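Text of my_file-v6.cif (mmCIF, C-alpha atoms) as supplied:
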```
data_start
#
loop_
_atom_site.label_atom_id
_atom_site.label_comp_id
_atom_site.auth_asym_id
_atom_site.auth_seq_id
_atom_site.Cartn_x
_atom_site.Cartn_y
_atom_site.Cartn_z
CA MET A 1195 6.46 -46.19 16.20
CA LYS A 1196 4.08 -48.70 17.77
CA TYR A 1197 0.87 -47.47 19.37
CA ARG A 1198 -1.62 -48.94 21.83
CA LYS A 1199 -5.32 -48.14 21.53
CA PHE A 1200 -7.73 -48.33 24.44
CA GLN A 1201 -11.52 -48.27 24.47
CA ALA A 1202 -14.03 -48.78 27.30
CA ASP A 1203 -17.64 -48.08 28.25
CA LYS A 1204 -16.37 -44.65 29.27
CA ILE A 1205 -13.05 -42.79 29.26
CA PHE A 1206 -12.45 -40.24 31.98
CA THR A 1207 -9.97 -37.68 30.65
CA GLY A 1208 -9.13 -36.08 33.99
CA PHE A 1209 -11.83 -33.49 33.35
CA GLU A 1210 -14.83 -35.21 31.79
CA LEU A 1211 -16.37 -38.61 31.02
CA LEU A 1212 -16.43 -39.57 27.34
CA ASP A 1213 -18.72 -42.27 25.97
CA ALA A 1214 -17.76 -45.56 24.34
CA GLY A 1215 -17.33 -43.95 20.94
CA HIS A 1216 -13.85 -42.71 21.85
CA VAL A 1217 -10.42 -44.37 21.74
CA LEU A 1218 -7.35 -43.38 23.74
CA ILE A 1219 -4.08 -43.59 21.78
CA MET A 1220 -0.74 -44.01 23.57
CA ASP A 1221 2.74 -44.76 22.33
CA GLU A 1222 4.66 -47.82 23.51
CA ASP A 1223 6.15 -45.81 26.41
CA GLY A 1224 2.72 -44.86 27.77
CA LYS A 1225 2.73 -41.30 26.44
CA VAL A 1226 -0.67 -39.93 25.47
CA MET A 1227 -0.92 -39.13 21.78
CA GLU A 1228 -4.60 -38.24 21.37
CA ILE A 1229 -8.20 -39.32 21.89
CA LEU A 1230 -10.01 -40.11 18.65
CA ALA A 1231 -13.50 -41.06 17.55
CA GLU A 1232 -13.72 -44.83 17.16
CA MET A 1233 -14.29 -44.52 13.39
CA ASP A 1234 -10.90 -42.77 13.05
CA ALA A 1235 -8.89 -45.04 15.34
CA GLY A 1236 -8.26 -47.97 13.01
CA GLU A 1237 -7.78 -51.56 14.15
CA GLU A 1238 -6.10 -53.42 17.05
CA ILE A 1239 -8.13 -51.66 19.72
CA GLU A 1240 -7.96 -53.08 23.26
CA ARG A 1241 -11.48 -53.04 24.71
CA PHE A 1242 -12.48 -52.99 28.39
CA ARG A 1243 -15.67 -53.01 30.42
CA GLY A 1244 -15.87 -50.09 32.84
CA ILE A 1245 -14.13 -46.71 33.01
CA LEU A 1246 -10.58 -45.99 31.90
CA SER A 1247 -9.05 -43.21 33.98
CA PRO A 1248 -5.65 -41.58 34.40
CA GLY A 1249 -3.68 -43.09 37.28
CA PHE A 1250 -4.86 -42.06 40.73
CA ILE A 1251 -3.11 -39.61 43.09
CA ASN A 1252 -3.01 -40.46 46.80
CA ALA A 1253 -2.47 -37.05 48.37
CA HIS A 1254 -2.04 -38.32 51.94
CA CYS A 1255 -0.51 -41.55 53.20
CA HIS A 1256 1.79 -42.81 55.98
CA LEU A 1257 3.63 -45.66 54.25
CA GLU A 1258 5.92 -46.22 57.23
CA LEU A 1259 2.93 -47.19 59.41
CA SER A 1260 1.91 -50.07 57.14
CA HIS A 1261 2.84 -52.62 59.83
CA LEU A 1262 -0.02 -51.33 62.01
CA LYS A 1263 -2.70 -52.96 59.86
CA ASN A 1264 -5.41 -54.37 62.17
CA CYS A 1265 -3.42 -53.29 65.25
CA ILE A 1266 -5.57 -50.32 66.30
CA PRO A 1267 -9.33 -50.73 66.82
CA PRO A 1268 -11.70 -48.46 64.85
CA HIS A 1269 -14.01 -45.76 66.24
CA THR A 1270 -11.90 -44.88 69.29
CA GLY A 1271 -11.76 -41.14 68.54
CA LEU A 1272 -8.59 -39.23 67.73
CA ILE A 1273 -6.86 -38.99 71.10
CA PRO A 1274 -6.98 -42.72 72.02
CA PHE A 1275 -5.97 -43.41 68.42
CA LEU A 1276 -2.90 -41.15 68.78
CA MET A 1277 -1.86 -42.94 71.97
CA ASP A 1278 -2.15 -46.29 70.18
CA VAL A 1279 0.06 -45.07 67.32
CA VAL A 1280 2.67 -43.75 69.77
CA THR A 1281 2.77 -46.97 71.84
CA LYS A 1282 2.37 -49.56 69.06
CA ARG A 1283 4.46 -48.23 66.15
CA ASN A 1284 7.78 -49.77 67.27
CA HIS A 1285 8.18 -53.24 65.76
CA ASP A 1286 10.98 -55.38 64.36
CA GLN A 1287 12.55 -53.48 61.48
CA GLU A 1288 12.40 -56.46 59.12
CA LEU A 1289 8.63 -56.71 59.67
CA ILE A 1290 8.19 -52.96 59.11
CA LEU A 1291 10.17 -53.08 55.85
CA ASP A 1292 8.22 -56.09 54.60
CA CYS A 1293 4.90 -54.33 55.28
CA ILE A 1294 6.15 -51.18 53.53
CA GLU A 1295 7.02 -53.23 50.43
CA LYS A 1296 3.61 -54.92 50.39
CA ALA A 1297 1.74 -51.63 50.84
CA GLU A 1298 3.72 -49.95 48.03
CA ARG A 1299 2.92 -52.86 45.72
CA GLU A 1300 -0.75 -52.76 46.69
CA MET A 1301 -0.99 -49.07 45.80
CA GLU A 1302 0.72 -49.59 42.44
CA LEU A 1303 -1.62 -52.44 41.47
CA GLU A 1304 -4.59 -50.26 42.46
CA GLY A 1305 -3.51 -47.71 39.86
CA ILE A 1306 -1.95 -45.13 42.19
CA VAL A 1307 0.84 -43.29 40.36
CA ALA A 1308 1.83 -40.59 42.90
CA VAL A 1309 1.65 -40.31 46.68
CA GLY A 1310 2.01 -37.50 49.20
CA ASP A 1311 3.65 -39.53 51.95
CA ILE A 1312 4.20 -38.50 55.57
CA CYS A 1313 7.66 -39.46 56.85
CA ASN A 1314 8.81 -39.40 60.48
CA THR A 1315 11.93 -41.40 59.57
CA SER A 1316 13.78 -42.43 56.40
CA ILE A 1317 12.77 -46.10 56.66
CA THR A 1318 10.73 -45.98 53.42
CA PHE A 1319 13.65 -44.66 51.37
CA GLN A 1320 14.90 -47.91 49.78
CA THR A 1321 11.39 -49.03 48.81
CA LYS A 1322 10.68 -45.68 47.18
CA CYS A 1323 13.94 -45.72 45.21
CA LYS A 1324 12.78 -48.95 43.51
CA SER A 1325 9.15 -47.84 43.14
CA LYS A 1326 7.36 -46.90 39.92
CA ILE A 1327 5.22 -44.50 41.97
CA ARG A 1328 6.18 -40.80 42.20
CA TRP A 1329 6.67 -39.77 45.84
CA ASN A 1330 6.27 -36.41 47.55
CA ASN A 1331 7.94 -37.00 50.91
CA PHE A 1332 6.50 -34.78 53.62
CA ILE A 1333 9.03 -34.86 56.45
CA GLU A 1334 6.72 -34.41 59.41
CA VAL A 1335 7.98 -32.16 62.21
CA LEU A 1336 6.76 -32.56 65.78
CA GLY A 1337 7.80 -29.99 68.37
CA MET A 1338 5.64 -28.66 71.20
CA LYS A 1339 8.23 -26.50 72.96
CA ASP A 1340 9.63 -23.22 71.65
CA GLU A 1341 12.93 -23.75 73.44
CA LYS A 1342 13.54 -26.97 71.49
CA ALA A 1343 12.34 -25.66 68.15
CA GLU A 1344 15.71 -25.25 66.43
CA ALA A 1345 17.06 -28.57 67.71
CA ASN A 1346 13.93 -30.36 66.49
CA LEU A 1347 14.10 -28.68 63.10
CA LEU A 1348 17.75 -29.70 62.69
CA HIS A 1349 16.79 -33.30 63.46
CA TYR A 1350 14.05 -33.34 60.81
CA GLU A 1351 16.28 -31.55 58.31
CA GLY A 1352 18.60 -34.55 58.67
CA ILE A 1353 15.75 -36.83 57.59
CA LEU A 1354 14.93 -34.43 54.76
CA HIS A 1355 18.55 -34.59 53.59
CA ALA A 1356 18.34 -38.40 53.44
CA PHE A 1357 15.55 -38.11 50.85
CA THR A 1358 16.68 -35.04 48.90
CA GLY A 1359 18.26 -35.49 45.48
CA ALA A 1360 18.54 -39.25 45.76
CA ALA A 1361 16.01 -40.35 43.14
CA THR A 1362 14.16 -38.71 40.28
CA ASN A 1363 10.77 -40.05 41.40
CA MET A 1364 10.90 -38.10 44.69
CA LYS A 1365 10.33 -34.57 45.96
CA SER A 1366 10.69 -33.71 49.65
CA SER A 1367 9.83 -30.89 52.05
CA LEU A 1368 9.38 -30.19 55.76
CA VAL A 1369 5.81 -30.06 57.06
CA PRO A 1370 4.11 -29.62 60.45
CA HIS A 1371 2.27 -32.56 61.98
CA ALA A 1372 -0.79 -30.78 63.39
CA PRO A 1373 -1.79 -27.66 65.34
CA TYR A 1374 -1.75 -29.66 68.60
CA SER A 1375 1.90 -30.69 68.18
CA ILE A 1376 3.72 -27.60 66.84
CA SER A 1377 4.84 -24.60 68.92
CA ASN A 1378 4.82 -21.05 67.56
CA LYS A 1379 8.60 -20.98 67.05
CA THR A 1380 8.48 -24.37 65.34
CA PHE A 1381 5.76 -23.08 63.00
CA GLU A 1382 7.94 -20.03 62.32
CA GLY A 1383 10.95 -22.21 61.52
CA ILE A 1384 8.95 -24.40 59.12
CA ASN A 1385 7.47 -21.33 57.41
CA ASN A 1386 10.93 -19.86 56.84
CA ARG A 1387 12.18 -23.15 55.36
CA THR A 1388 9.27 -23.81 53.00
CA ARG A 1389 8.91 -20.77 50.73
CA HIS A 1390 7.07 -21.89 47.55
CA SER A 1391 7.04 -25.49 48.85
CA ILE A 1392 4.19 -27.96 49.23
CA VAL A 1393 3.18 -28.20 52.89
CA SER A 1394 0.81 -30.79 54.35
CA MET A 1395 -0.84 -30.54 57.80
CA HIS A 1396 -3.38 -32.65 59.68
CA ASN A 1397 -6.35 -30.41 60.44
CA GLN A 1398 -9.33 -30.45 62.84
CA GLU A 1399 -9.74 -34.19 63.29
CA ASN A 1400 -11.44 -33.80 66.67
CA PRO A 1401 -13.42 -31.02 68.43
CA ALA A 1402 -10.78 -30.95 71.18
CA GLU A 1403 -8.35 -29.40 68.71
CA ASP A 1404 -10.46 -26.27 68.43
CA GLU A 1405 -11.15 -26.20 72.18
CA LEU A 1406 -7.43 -26.32 72.87
CA TYR A 1407 -6.88 -23.02 71.07
CA ALA A 1408 -10.19 -21.37 71.82
CA LYS A 1409 -10.19 -22.02 75.59
CA GLY A 1410 -7.01 -23.86 76.58
CA THR A 1411 -9.09 -26.77 77.89
CA GLY A 1412 -10.37 -30.15 76.71
CA ASP A 1413 -9.24 -33.69 76.12
CA PHE A 1414 -5.84 -32.73 74.74
CA ILE A 1415 -4.77 -31.63 78.23
CA GLN A 1416 -4.93 -35.25 79.40
CA PHE A 1417 -3.03 -36.30 76.27
CA PHE A 1418 -0.29 -33.78 77.09
CA ASN A 1419 -0.19 -35.01 80.69
CA LYS A 1420 0.50 -38.56 79.46
CA LEU A 1421 3.37 -37.16 77.40
CA GLY A 1422 4.81 -35.53 80.54
CA LEU A 1423 3.57 -31.97 79.93
CA PRO A 1424 1.79 -30.25 82.86
CA GLY A 1425 -0.66 -28.38 80.61
CA SER A 1426 -1.13 -26.96 77.14
CA PRO A 1427 2.06 -25.55 75.58
CA PHE A 1428 -0.02 -23.56 73.09
CA PRO A 1429 -1.48 -20.04 73.32
CA VAL A 1430 -5.18 -19.49 73.96
CA THR A 1431 -6.39 -17.45 70.99
CA GLY A 1432 -10.16 -17.60 71.31
CA LYS A 1433 -10.23 -18.93 67.74
CA SER A 1434 -10.37 -22.32 66.06
CA SER A 1435 -7.12 -24.26 65.65
CA LEU A 1436 -7.09 -23.57 61.90
CA GLN A 1437 -7.63 -19.83 62.29
CA SER A 1438 -4.93 -19.79 64.98
CA CYS A 1439 -2.28 -21.70 63.01
CA LEU A 1440 -2.84 -21.00 59.32
CA PRO A 1441 -1.44 -17.43 59.60
CA HIS A 1442 1.95 -18.97 60.40
CA PHE A 1443 2.25 -19.71 56.67
CA ASN A 1444 2.73 -16.66 54.46
CA LYS A 1445 5.48 -17.47 51.94
CA GLN A 1446 3.44 -18.62 48.95
CA GLN A 1447 3.38 -22.25 50.00
CA ARG A 1448 0.89 -24.72 48.53
CA LEU A 1449 -0.93 -26.07 51.57
CA ILE A 1450 -2.72 -29.42 51.94
CA LEU A 1451 -5.11 -29.59 54.90
CA VAL A 1452 -5.79 -33.23 55.74
CA HIS A 1453 -8.93 -34.82 57.27
CA ASN A 1454 -10.88 -31.60 58.12
CA THR A 1455 -13.43 -33.66 60.01
CA PHE A 1456 -14.69 -30.78 62.13
CA THR A 1457 -13.86 -27.84 59.85
CA THR A 1458 -16.64 -25.23 59.83
CA GLU A 1459 -17.78 -23.05 56.97
CA GLU A 1460 -16.25 -20.07 58.78
CA ASP A 1461 -12.90 -21.90 58.79
CA ILE A 1462 -13.19 -22.69 55.08
CA VAL A 1463 -13.92 -19.06 54.20
CA PHE A 1464 -11.03 -17.91 56.43
CA ALA A 1465 -8.63 -20.38 54.78
CA LEU A 1466 -9.60 -19.35 51.26
CA ASP A 1467 -9.19 -15.67 52.12
CA HIS A 1468 -5.78 -16.25 53.71
CA THR A 1469 -4.72 -18.19 50.62
CA ARG A 1470 -5.56 -15.33 48.27
CA LYS A 1471 -3.25 -13.05 50.26
CA HIS A 1472 -0.39 -15.31 51.31
CA LEU A 1473 -0.32 -18.75 49.66
CA SER A 1474 -0.05 -20.18 46.16
CA GLY A 1475 -2.90 -22.61 46.84
CA ILE A 1476 -4.85 -24.49 49.47
CA HIS A 1477 -6.32 -27.96 49.08
CA PHE A 1478 -8.57 -29.97 51.39
CA CYS A 1479 -7.65 -33.65 51.46
CA ILE A 1480 -10.49 -36.06 52.21
CA CYS A 1481 -9.53 -39.45 53.70
CA ALA A 1482 -13.06 -40.78 54.00
CA ASN A 1483 -12.24 -44.28 55.26
CA ALA A 1484 -9.84 -42.94 57.88
CA ASN A 1485 -12.41 -40.37 59.02
CA LEU A 1486 -14.88 -43.19 59.57
CA TYR A 1487 -12.23 -45.46 61.11
CA ILE A 1488 -11.13 -42.92 63.71
CA GLU A 1489 -14.10 -40.64 64.45
CA ASN A 1490 -16.87 -42.50 62.58
CA ARG A 1491 -17.74 -39.21 60.92
CA MET A 1492 -17.41 -37.74 57.44
CA PRO A 1493 -15.87 -34.29 56.84
CA PRO A 1494 -18.07 -31.42 55.56
CA ILE A 1495 -17.62 -32.18 51.87
CA ASP A 1496 -20.84 -30.36 51.00
CA ARG A 1497 -19.52 -27.12 52.53
CA LEU A 1498 -16.20 -27.50 50.72
CA ILE A 1499 -18.00 -27.92 47.40
CA LYS A 1500 -20.32 -24.99 48.17
CA ASN A 1501 -17.31 -22.72 48.73
CA LYS A 1502 -15.50 -24.01 45.61
CA ALA A 1503 -12.60 -25.35 47.65
CA GLU A 1504 -10.04 -27.55 45.91
CA ILE A 1505 -10.53 -31.15 47.07
CA VAL A 1506 -8.12 -34.09 46.76
CA LEU A 1507 -8.24 -37.65 48.10
CA GLY A 1508 -5.97 -39.65 50.40
CA THR A 1509 -5.91 -43.04 52.08
CA ASP A 1510 -4.13 -42.18 55.34
CA SER A 1511 -2.31 -45.25 56.72
CA TYR A 1512 -2.95 -48.86 57.60
CA SER A 1513 -3.20 -47.73 61.22
CA SER A 1514 -6.52 -46.06 60.27
CA ASN A 1515 -7.74 -47.79 57.11
CA TRP A 1516 -8.63 -51.24 55.85
CA GLN A 1517 -6.86 -50.78 52.51
CA LEU A 1518 -4.71 -48.24 50.64
CA SER A 1519 -7.01 -47.69 47.69
CA ILE A 1520 -8.22 -44.44 46.15
CA ALA A 1521 -10.98 -46.46 44.45
CA SER A 1522 -12.14 -47.51 47.92
CA GLU A 1523 -12.18 -43.85 49.00
CA ILE A 1524 -14.36 -43.04 45.98
CA ARG A 1525 -16.74 -45.90 46.82
CA THR A 1526 -17.05 -44.74 50.42
CA ILE A 1527 -17.84 -41.15 49.45
CA ARG A 1528 -20.38 -42.42 46.89
CA LYS A 1529 -22.06 -44.49 49.61
CA GLU A 1530 -22.14 -41.65 52.14
CA LEU A 1531 -22.90 -38.83 49.67
CA PRO A 1532 -24.49 -40.36 46.56
CA GLU A 1533 -25.45 -36.94 45.21
CA ILE A 1534 -21.82 -36.12 44.32
CA PRO A 1535 -21.27 -36.83 40.59
CA LEU A 1536 -18.75 -39.57 39.80
CA GLN A 1537 -17.03 -37.23 37.35
CA LEU A 1538 -16.27 -34.81 40.19
CA LEU A 1539 -14.89 -37.58 42.43
CA LEU A 1540 -12.63 -38.72 39.61
CA GLN A 1541 -11.35 -35.18 39.17
CA TRP A 1542 -10.40 -35.13 42.86
CA ALA A 1543 -8.60 -38.46 42.41
CA THR A 1544 -6.65 -37.46 39.28
CA ILE A 1545 -6.04 -33.94 38.02
CA ASN A 1546 -6.67 -32.23 41.37
CA GLY A 1547 -4.22 -34.56 43.10
CA ALA A 1548 -1.64 -34.08 40.36
CA ARG A 1549 -1.91 -30.31 40.75
CA VAL A 1550 -1.53 -30.37 44.52
CA LEU A 1551 1.65 -32.47 44.27
CA GLU A 1552 2.79 -30.23 41.37
CA ARG A 1553 3.00 -33.22 39.03
CA ASP A 1554 0.32 -32.20 36.56
CA ASP A 1555 2.94 -31.69 33.85
CA ALA A 1556 3.04 -35.49 33.50
CA LEU A 1557 0.16 -36.96 35.51
CA GLY A 1558 -3.53 -36.52 36.20
CA SER A 1559 -5.11 -36.36 32.74
CA PHE A 1560 -5.10 -37.86 29.25
CA GLU A 1561 -3.51 -34.83 27.60
CA THR A 1562 -1.03 -35.09 24.75
CA GLY A 1563 2.52 -35.65 25.95
CA LYS A 1564 1.66 -36.82 29.46
CA LYS A 1565 2.39 -40.28 30.91
CA PRO A 1566 -0.39 -40.52 33.49
CA GLY A 1567 -0.81 -44.29 33.56
CA ILE A 1568 -4.20 -45.97 33.09
CA VAL A 1569 -6.44 -47.45 35.77
CA LEU A 1570 -9.59 -49.44 34.99
CA LEU A 1571 -12.64 -49.00 37.21
CA ASP A 1572 -15.15 -51.81 36.76
CA ASN A 1573 -18.88 -51.41 37.27
CA ALA A 1574 -18.45 -51.91 41.02
CA LEU A 1575 -15.74 -49.20 41.04
CA GLU A 1576 -13.02 -51.72 41.86
CA ALA A 1577 -9.69 -50.63 40.37
CA ARG A 1578 -6.75 -52.29 38.69
CA LYS A 1579 -3.73 -50.91 36.91
CA ILE A 1580 -3.63 -51.25 33.11
CA ILE A 1581 -0.46 -49.23 32.48
#
```

This structure in structure tokens:
Amino acid sequence: MKYRKFQADKIFTGFELLDAGHVLIMDEDGKVMEILAEMDAGEEIERFRGILSPGFINAHCHLELSHLKNCIPPHTGLIPFLMDVVTKRNHDQELILDCIEKAEREMELEGIVAVGDICNTSITFQTKCKSKIRWNNFIEVLGMKDEKAEANLLHYEGILHAFTGAATNMKSSLVPHAPYSISNKTFEGINNRTRHSIVSMHNQENPAEDELYAKGTGDFIQFFNKLGLPGSPFPVTGKSSLQSCLPHFNKQQRLILVHNTFTTEEDIVFALDHTRKHLSGIHFCICANANLYIENRMPPIDRLIKNKAEIVLGTDSYSSNWQLSIASEIRTIRKELPEIPLQLLLQWATINGARVLERDDALGSFETGKKPGIVLLDNALEARKII
């Protein structure tokens, strides 16, 4: 059997950074065999400058919005941003498909090997069938009215069916969009359909989200008015949106909370406690560039670390980002929070992401038997795919 041997300034295993005295051994199919000391690795070693890492995991993306690149201005705040997405997302289908293909290729070349992708339609299906990337399709349900809950769920189950069982590189499940777009009965229907599934939900991107549930007031009322609703369709609980909506999930789901821009420490503690009782796991997805693009604010990463929360990384979409690059997300976090060790950021980008998408049997680390791919990070933390 033929082997390939890789050496660099550092090798990140998925858990730790090893120095230049180590060599990664893979077979010709990209399966990890072992990591050896250089003196034991023999000849024909491929040498690189920078860091060799397992392929990156993008835990949150909207591939089908790739045609909105440079269409929505930055720093508008969430609610104007949502209106722009609603009014600008309809384009010629050929253009949308072309942008989807380009975005998928961009992510692959950047070393992304798996993606948690939000789907409102099945338009990305053909691209994903041909893709080398592994896809977790999160079929995103929107439904503000209890009386339409079952009809809405049937509609989104139709989209789910279009993805299910069609390709070995895909897994699919129903997920809620956000607390400001899902009625109680819709939450109940999703909960009953997602036992032991992976569930993703946008969370606390704007202070108005908490105000909506705590007081029944705020900027979302005007947003609902523009959608033809006379007022808030959601109950006033006197609590944050997360504390109001998280209890809807109690069937051992693995939950990904995305953005978390205005999540408090009280919310984090509440979420972790709820998880111990009712969920198989909870993970906080940081989309740093999108947070800055929309609200010009970083999420409370320091509080998440303090409370030992599981963190993963995402790019969000081209409607809210300049590029679909996990390396770019790492660079942004390093710039904003330089005290966070690079090793920890790489864990979020690799093994943590693989675990949240339940793909850590094959991806996320250089462990014997896995085929995680290899991405090279140069000294400027720019990334390119090696395998």

Query raised in the report: Excluding same-chain residues fewer than 2 positions from A:Asn1515, what lies within 9 Å of it counting all atoms listed in the file, as number ranges by chain?
Result: A: 1263-1264, 1268, 1483-1488, 1509-1513, 1517-1518

Query raised in the report: For this file, the PyMOL selection byres ((chain A and resi 1551) around 8) selects which residues, as a ChimeraX atom specification?
Result: /A:1253,1310,1330,1392,1547-1550,1552-1554

Requested in this report: Output the residue selection produced by the PyMOL selection byres ((chain A and resi 1532-1540) around 12) on the file above, formatted as an NGL selection string.
Outcome: :A and (1204-1212 or 1245-1251 or 1480 or 1495-1496 or 1499-1500 or 1504-1507 or 1520-1531 or 1541-1548 or 1558-1559 or 1569 or 1571 or 1575)

Limited to C-alpha atoms, could you put the picked residues into a file as a CSV table (one decimal), in the coordinates of the input?
```csv
chain,number,residue,atom,x,y,z
A,1204,LYS,CA,-16.4,-44.6,29.3
A,1205,ILE,CA,-13.0,-42.8,29.3
A,1206,PHE,CA,-12.4,-40.2,32.0
A,1207,THR,CA,-10.0,-37.7,30.6
A,1208,GLY,CA,-9.1,-36.1,34.0
A,1209,PHE,CA,-11.8,-33.5,33.4
A,1210,GLU,CA,-14.8,-35.2,31.8
A,1211,LEU,CA,-16.4,-38.6,31.0
A,1212,LEU,CA,-16.4,-39.6,27.3
A,1245,ILE,CA,-14.1,-46.7,33.0
A,1246,LEU,CA,-10.6,-46.0,31.9
A,1247,SER,CA,-9.0,-43.2,34.0
A,1248,PRO,CA,-5.6,-41.6,34.4
A,1249,GLY,CA,-3.7,-43.1,37.3
A,1250,PHE,CA,-4.9,-42.1,40.7
A,1251,ILE,CA,-3.1,-39.6,43.1
A,1480,ILE,CA,-10.5,-36.1,52.2
A,1495,ILE,CA,-17.6,-32.2,51.9
A,1496,ASP,CA,-20.8,-30.4,51.0
A,1499,ILE,CA,-18.0,-27.9,47.4
A,1500,LYS,CA,-20.3,-25.0,48.2
A,1504,GLU,CA,-10.0,-27.6,45.9
A,1505,ILE,CA,-10.5,-31.2,47.1
A,1506,VAL,CA,-8.1,-34.1,46.8
A,1507,LEU,CA,-8.2,-37.6,48.1
A,1520,ILE,CA,-8.2,-44.4,46.2
A,1521,ALA,CA,-11.0,-46.5,44.4
A,1522,SER,CA,-12.1,-47.5,47.9
A,1523,GLU,CA,-12.2,-43.8,49.0
A,1524,ILE,CA,-14.4,-43.0,46.0
A,1525,ARG,CA,-16.7,-45.9,46.8
A,1526,THR,CA,-17.0,-44.7,50.4
A,1527,ILE,CA,-17.8,-41.2,49.4
A,1528,ARG,CA,-20.4,-42.4,46.9
A,1529,LYS,CA,-22.1,-44.5,49.6
A,1530,GLU,CA,-22.1,-41.6,52.1
A,1531,LEU,CA,-22.9,-38.8,49.7
A,1541,GLN,CA,-11.4,-35.2,39.2
A,1542,TRP,CA,-10.4,-35.1,42.9
A,1543,ALA,CA,-8.6,-38.5,42.4
A,1544,THR,CA,-6.6,-37.5,39.3
A,1545,ILE,CA,-6.0,-33.9,38.0
A,1546,ASN,CA,-6.7,-32.2,41.4
A,1547,GLY,CA,-4.2,-34.6,43.1
A,1548,ALA,CA,-1.6,-34.1,40.4
A,1558,GLY,CA,-3.5,-36.5,36.2
A,1559,SER,CA,-5.1,-36.4,32.7
A,1569,VAL,CA,-6.4,-47.4,35.8
A,1571,LEU,CA,-12.6,-49.0,37.2
A,1575,LEU,CA,-15.7,-49.2,41.0
```

Requested in this report: Give me the residues within 9 Å of A:Ile1376 as a list in words, counting all atoms listed in the file and dropping any in the same chain fewer than 2 places off.
Outcome: Val1335, Leu1336, Gly1337, Met1338, Lys1339, Asp1340, Ala1343, Pro1370, His1371, Ala1372, Pro1373, Tyr1374, Asn1378, Lys1379, Thr1380, Phe1381 and Phe1428 of chain A

Run the PyMOL selection byres ((chain A and resi 1201) around 7) on the file and write out the hits as an mmCIF file with C-alpha atoms, keeping the file's coordinate frame.
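Result file is result.cif:
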```cif
data_model
loop_
_atom_site.group_PDB
_atom_site.id
_atom_site.type_symbol
_atom_site.label_atom_id
_atom_site.label_comp_id
_atom_site.auth_asym_id
_atom_site.auth_seq_id
_atom_site.Cartn_x
_atom_site.Cartn_y
_atom_site.Cartn_z
ATOM 1 C CA LYS A 1199 -5.320 -48.140 21.530
ATOM 2 C CA PHE A 1200 -7.730 -48.330 24.440
ATOM 3 C CA ALA A 1202 -14.030 -48.780 27.300
ATOM 4 C CA ALA A 1214 -17.760 -45.560 24.340
ATOM 5 C CA HIS A 1216 -13.850 -42.710 21.850
ATOM 6 C CA VAL A 1217 -10.420 -44.370 21.740
ATOM 7 C CA LEU A 1218 -7.350 -43.380 23.740
ATOM 8 C CA ILE A 1239 -8.130 -51.660 19.720
ATOM 9 C CA GLU A 1240 -7.960 -53.080 23.260
ATOM 10 C CA ARG A 1241 -11.480 -53.040 24.710
ATOM 11 C CA PHE A 1242 -12.480 -52.990 28.390
#
```

Query raised in the report: Hey, can you check how far atom CA of A:Ser1519 sits from atom CA of A:Glu1304?
Result: 6.3 Å

Query raised in the report: Distance atom CA of A:Ala1503-atom CA of A:Cys1479, one decimal place?
Result: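 Between these atoms lies a distance of 10.4 Å.
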
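Between atom CA of A:Lys1579 and atom CA of A:Leu1230 there is a distance of 22.1 Å.
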
**Report entry** Within 6 Å of A:Ala1308 using only C-alpha atoms, minus same-chain residues under 6 positions, as a PyMOL selection string
**Finding:** chain A and resi 1251+1327-1329

Query - Neighbour residues at most 12 Å from (-7.0, -23.0, 50.5) (only C-alpha atoms) as JSON, numbers by chain - result: {"A": [1393, 1394, 1436, 1440, 1443, 1446, 1447, 1448, 1449, 1450, 1451, 1452, 1461, 1462, 1463, 1464, 1465, 1466, 1467, 1468, 1469, 1470, 1471, 1472, 1473, 1474, 1475, 1476, 1477, 1478, 1479, 1498, 1501, 1502, 1503, 1504, 1505, 1506, 1550]}

Could you produce a table of the residues of stretch 1414-1495 of chain A lying within 12 Å of stretch 1271-1292 of chain A, with the nearest pair of atoms per residue and their separation in Å rounded to one decimal, using only C-alpha atoms, ordered by chain and increasing residue number, as a tab-separated table?
```
residue	atom	partner	partner_atom	distance
A:Phe1414	CA	A:Ile1273	CA	7.3
A:Ile1415	CA	A:Ile1273	CA	10.5
A:Gln1416	CA	A:Ile1273	CA	9.3
A:Phe1417	CA	A:Ile1273	CA	7.0
A:Phe1418	CA	A:Ile1273	CA	10.3
A:Asn1419	CA	A:Met1277	CA	11.9
A:Lys1420	CA	A:Met1277	CA	9.0
A:Leu1421	CA	A:Met1277	CA	9.5
A:His1453	CA	A:Leu1272	CA	11.4
A:Thr1455	CA	A:Leu1272	CA	10.7
A:Phe1456	CA	A:Leu1272	CA	11.8
A:Ala1484	CA	A:Leu1272	CA	10.6
A:Asn1485	CA	A:Gly1271	CA	9.6
A:Leu1486	CA	A:Gly1271	CA	9.7
A:Tyr1487	CA	A:Gly1271	CA	8.6
A:Ile1488	CA	A:Gly1271	CA	5.2
A:Glu1489	CA	A:Gly1271	CA	4.7
A:Asn1490	CA	A:Gly1271	CA	8.0
A:Arg1491	CA	A:Gly1271	CA	9.9
```

Work out where the centre of an axis-aligned box around every listed atom of stretch 1440-1454 of chain A lies and how long its edges are once 8 Å is added on each side; give both in Å to one decimal as lines of an AutoDock Vina configuration file.
```
center_x = -2.7
center_y = -25.7
center_z = 54.5
size_x = 32.4
size_y = 34.2
size_z = 27.9
```

**Report entry** Distance query stretch 1220-1227 of chain A at most 9 Å, all atoms listed in the file, self and fewer than 2 positions along chain excluded, as a PyMOL selection string
**Finding:** chain A and resi 1195-1200+1218+1229+1560-1568+1581

Query raised in the report: Of the candidates A:Asn1573, A:Asn1363, A:Thr1431, A:Thr1270, which one gets nearest to A:Lys1409 if we count only C-alpha atoms?
Result: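 The closest residue to A:Lys1409 is A:Thr1431.
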